[in-house]
Amino acid sequence: VTPERVVIVGASLAGLRAAETLRREGYTGPLTLIGAEPHLPYDRPPLSKQVLRGEWGPERLGLRRGGDYAPLDLDLRLGKRATSLDIRSRTVSIEGGVRVPYDGLIIATGAFPRRLRGVPDLEGVCVLRTLDDALALRAALERRPRVVVIGAGFIGTEVAASCRALGVDVTVVEALDAPCVRGLGPEIGALLGQVHRDHGVDLRCGVGLAGVDGAQRVERVRLQDGSALEADLVVVGVGAAPATEWLATSGLAVDDGVLCDATGAARAPGVFAAGDVARWYHPLFGDTLRVEHWSNAVEQGVAAARALLAGPGKAEPLANVPFVWSDQYDQKIQCVGHPRPSDTLELVSGSFESRKFACAWLRNDRISGAVIFNDPRAMSKLRRAIAERATRDTLATLATA
Ligand SMILES: Cc1cc2nc3c(=O)[nH]c(=O)nc-3n(C[C@H](O)[C@H](O)[C@H](O)COP(=O)(O)OP(=O)(O)OC[C@H]3O[C@@H](n4cnc5c(N)ncnc54)[C@H](O)[C@@H]3O)c2cc1C
């Protein structure tokens, strides 16, 4: 049964791709797209890269190809935050007390940066998630501040690389033993740490944060080893949490993300979720996964829209292999799959010394994931191998030159 009225909450990557899919696949009814930010949907990956380095302005970031929204015929409500959901009356409430009814709802509210407990709200302490965050940070970097980045995940390390590209002094503080350990594992994380040191980053790993001091502006970051770092700017990059606060009273099942089946259906009639906010059951890994990657937001946005149009029980489950990239200096890093810390790492091709290689993660003799440095051809082969649940004995066939 074709829904009479569809509402999408979250006007970014997953939300826009869902809207485009609904129209492309024949939905002609009213389509409301609600977004908390004042901007039309824009791309986030360049924020920590080209935008911080001052190479791209906001005009390069639009997510709608060609920029023409007219064919989508959207009831676009930008700068409006959804405040609650009522799954019984099937309405979304937005700021200002307006209630928007739906038959089909796609939740695509993404994630927001985690804050650090104990870090006071001082001037000069910031996070990076939105275009406005990036433009403010970019402007601050022009004053050539002493920067401390807290957290060496992908965002923190990309910010550090952009600082060095601008010749700005940067110290990175990471409680774990190496950067990006969750994505890369300890060995490759250590290699990435060396890349940053080679570019002049003062990288402090294995040390926790003791406090951030200042009167009105930030002045100093104290570490648990007793050392202190003078700072004009502190960028907190300690991960993101799903934007589900507006669903708190809805009765919808939420557990670190909106719980969904393998088609994106949440546990209420007509409700779906996609992208960073969603935790889908993944048939390939036999587990629920919340993935904070660009390609996943696209794939789930498309799949949730199709599932909504197909009707209950008629949609195909999605078994997309997670994929994320990170660009730092001249290094192209790619991670695929869903490895666990207990999985073992094996070199498939290349070498650590040359900084061009592909490594696979193995669990119970099957390829569960891969990390690739500077060898994009290896990525597609390994991604396919993971989708096919390939075993260790196929690794030799996956080596690029
Ligand atoms: C700086 C940065 C760099 C990145 N680089 C990479 C990269 O190199 N590679 C990669 O794979 N991924 C990268 N990512 C991750 C990627 O951008 C995200 O996975 C992707 O944006 C997720 O899309 P989404 O639509 O699910 O959520 P989001 O893009 O987070 O969009 C959610 C939208 O919903 C809005 N919203 C939230 N709550 C409400 C509400 N209550 N009502 C209305 N609207 C609401 C938000 O304001 C936001 O605009 C990066 C992310 C950031 C922040």
# chains A, B, ... in the order shown; residues from 1 in each chain; ligands from 1
>>> residues_near_ligand(ligand="ligand 1", cutoff="6 Å", atoms="only C-alpha atoms and all ligand atoms", output="PyMOL selection string")
chain A and resi 9-15+34-37+44-45+47-48+81-83+108-111+128-129+155+243+246+275-277+292-295+297+324-326
>>> select_by_dssp(residues="range 175-349 of chain A", states="alpha helix (DSSP H)", output="PyMOL selection string")
chain A and resi 181-198+294-310
>>> residues_around(residues="Leu247 in chain A", least_positions_apart="6", cutoff="9 Å", atoms="only C-alpha atoms", output="VMD selection string")
chain A and resid 83 to 86 254
>>> write_last_selection(atoms="N, CA and C atoms", output="tab-separated table (two decimals), in the first residue's frame")
chain	number	residue	atom	x	y	z
A	83	THR	N	11.08	17.58	17.95
A	83	THR	CA	11.21	17.53	19.41
A	83	THR	C	10.63	16.25	20.01
A	84	SER	N	9.65	15.64	19.32
A	84	SER	CA	9.13	14.36	19.82
A	84	SER	C	8.40	13.61	18.72
A	85	LEU	N	8.19	12.34	19.01
A	85	LEU	CA	7.49	11.44	18.08
A	85	LEU	C	6.38	10.74	18.86
A	86	ASP	N	5.19	10.67	18.24
A	86	ASP	CA	4.09	9.90	18.84
A	86	ASP	C	3.76	8.78	17.87
A	254	VAL	N	15.11	1.96	21.35
A	254	VAL	CA	16.38	2.63	21.06
A	254	VAL	C	17.43	2.05	21.99
>>> atom_distance(atom1="CA of Val298 in chain A", atom2="CA of Ser93 in chain A")
25.7 Å
>>> closest_residue(among="A:Pro120, A:Pro145, A:Pro3, A:Gly301", to="Asp103 in chain A", atoms="only C-alpha atoms")
A:Pro3
>>> closest_residue(among="A:Ala278, A:Leu398, A:Val271, A:Ala358", to="Lys332 in chain A", atoms="only C-alpha atoms")
A:Ala358
>>> closest_residue(among="A:Ser368, A:Ser162, A:Gln216, A:Gln224", to="Asp121 in chain A", atoms="only C-alpha atoms")
A:Gln216
>>> residues_around(residues="Leu63 in chain A", least_positions_apart="3", cutoff="9 Å", atoms="only C-alpha atoms", output="number ranges by chain")
A: 12-13, 16, 40-43, 66-67
>>> closest_residue(among="A:Pro101, A:Pro312, A:Pro242, A:Gly337", to="His282 in chain A", atoms="only C-alpha atoms")
A:Gly337
>>> residues_around(residues="Ala266 in chain A", least_positions_apart="4", cutoff="9 Å", atoms="only C-alpha atoms", output="PyMOL selection string")
chain A and resi 252-253+258-261+270-273+278+280
>>> write_last_selection(atoms="C-alpha atoms", output="mmCIF file, in the first residue's frame")
data_model
loop_
_atom_site.group_PDB
_atom_site.id
_atom_site.type_symbol
_atom_site.label_atom_id
_atom_site.label_comp_id
_atom_site.auth_asym_id
_atom_site.auth_seq_id
_atom_site.Cartn_x
_atom_site.Cartn_y
_atom_site.Cartn_z
ATOM 1 C CA LEU A 252 10.371 3.440 20.092
ATOM 2 C CA ALA A 253 13.048 0.808 20.832
ATOM 3 C CA VAL A 258 17.156 3.199 16.672
ATOM 4 C CA LEU A 259 16.799 -0.584 16.585
ATOM 5 C CA CYS A 260 15.873 -1.796 13.117
ATOM 6 C CA ASP A 261 15.582 -5.080 11.264
ATOM 7 C CA GLY A 270 5.516 2.778 9.327
ATOM 8 C CA VAL A 271 8.741 3.862 11.041
ATOM 9 C CA PHE A 272 12.197 3.332 9.518
ATOM 10 C CA ALA A 273 15.667 4.625 10.363
ATOM 11 C CA ALA A 278 20.264 3.622 13.099
ATOM 12 C CA TRP A 280 20.286 -2.355 11.860
#
>>> select_by_dssp(residues="range 88-274 of chain A", states="strand (DSSP E or B)", output="count of residues only")
63
>>> closest_atom_pairs(of="range 285-337 of chain A", to="range 182-186 of chain A", cutoff="10 Å", atoms="only C-alpha atoms", output="CSV")
residue,atom,partner,partner_atom,distance
A:Val324,CA,A:Gly183,CA,9.2
A:Ile333,CA,A:Leu184,CA,9.4
A:Gln334,CA,A:Leu184,CA,9.3
A:Cys335,CA,A:Gly183,CA,7.1
A:Val336,CA,A:Gly183,CA,9.3
>>> write_last_selection(atoms="C-alpha atoms", output="short mmCIF file (atom, residue, chain, number, x, y, z; two decimals), in the first residue's frame")
data_model
loop_
_atom_site.label_atom_id
_atom_site.label_comp_id
_atom_site.auth_asym_id
_atom_site.auth_seq_id
_atom_site.Cartn_x
_atom_site.Cartn_y
_atom_site.Cartn_z
CA VAL A 324 35.06 4.05 5.54
CA ILE A 333 43.28 4.92 4.36
CA GLN A 334 40.35 2.58 3.79
CA CYS A 335 38.66 0.16 6.20
CA VAL A 336 36.04 -2.40 5.26
#
>>> residues_around(residues="Asp213 in chain A", least_positions_apart="6", cutoff="12 Å", atoms="only C-alpha atoms", output="PyMOL selection string")
chain A and resi 118-125+219-223+228-234
>>> atom_distance(atom1="CA of Ala152 in chain A", atom2="CA of Cys126 in chain A")
15.0 Å
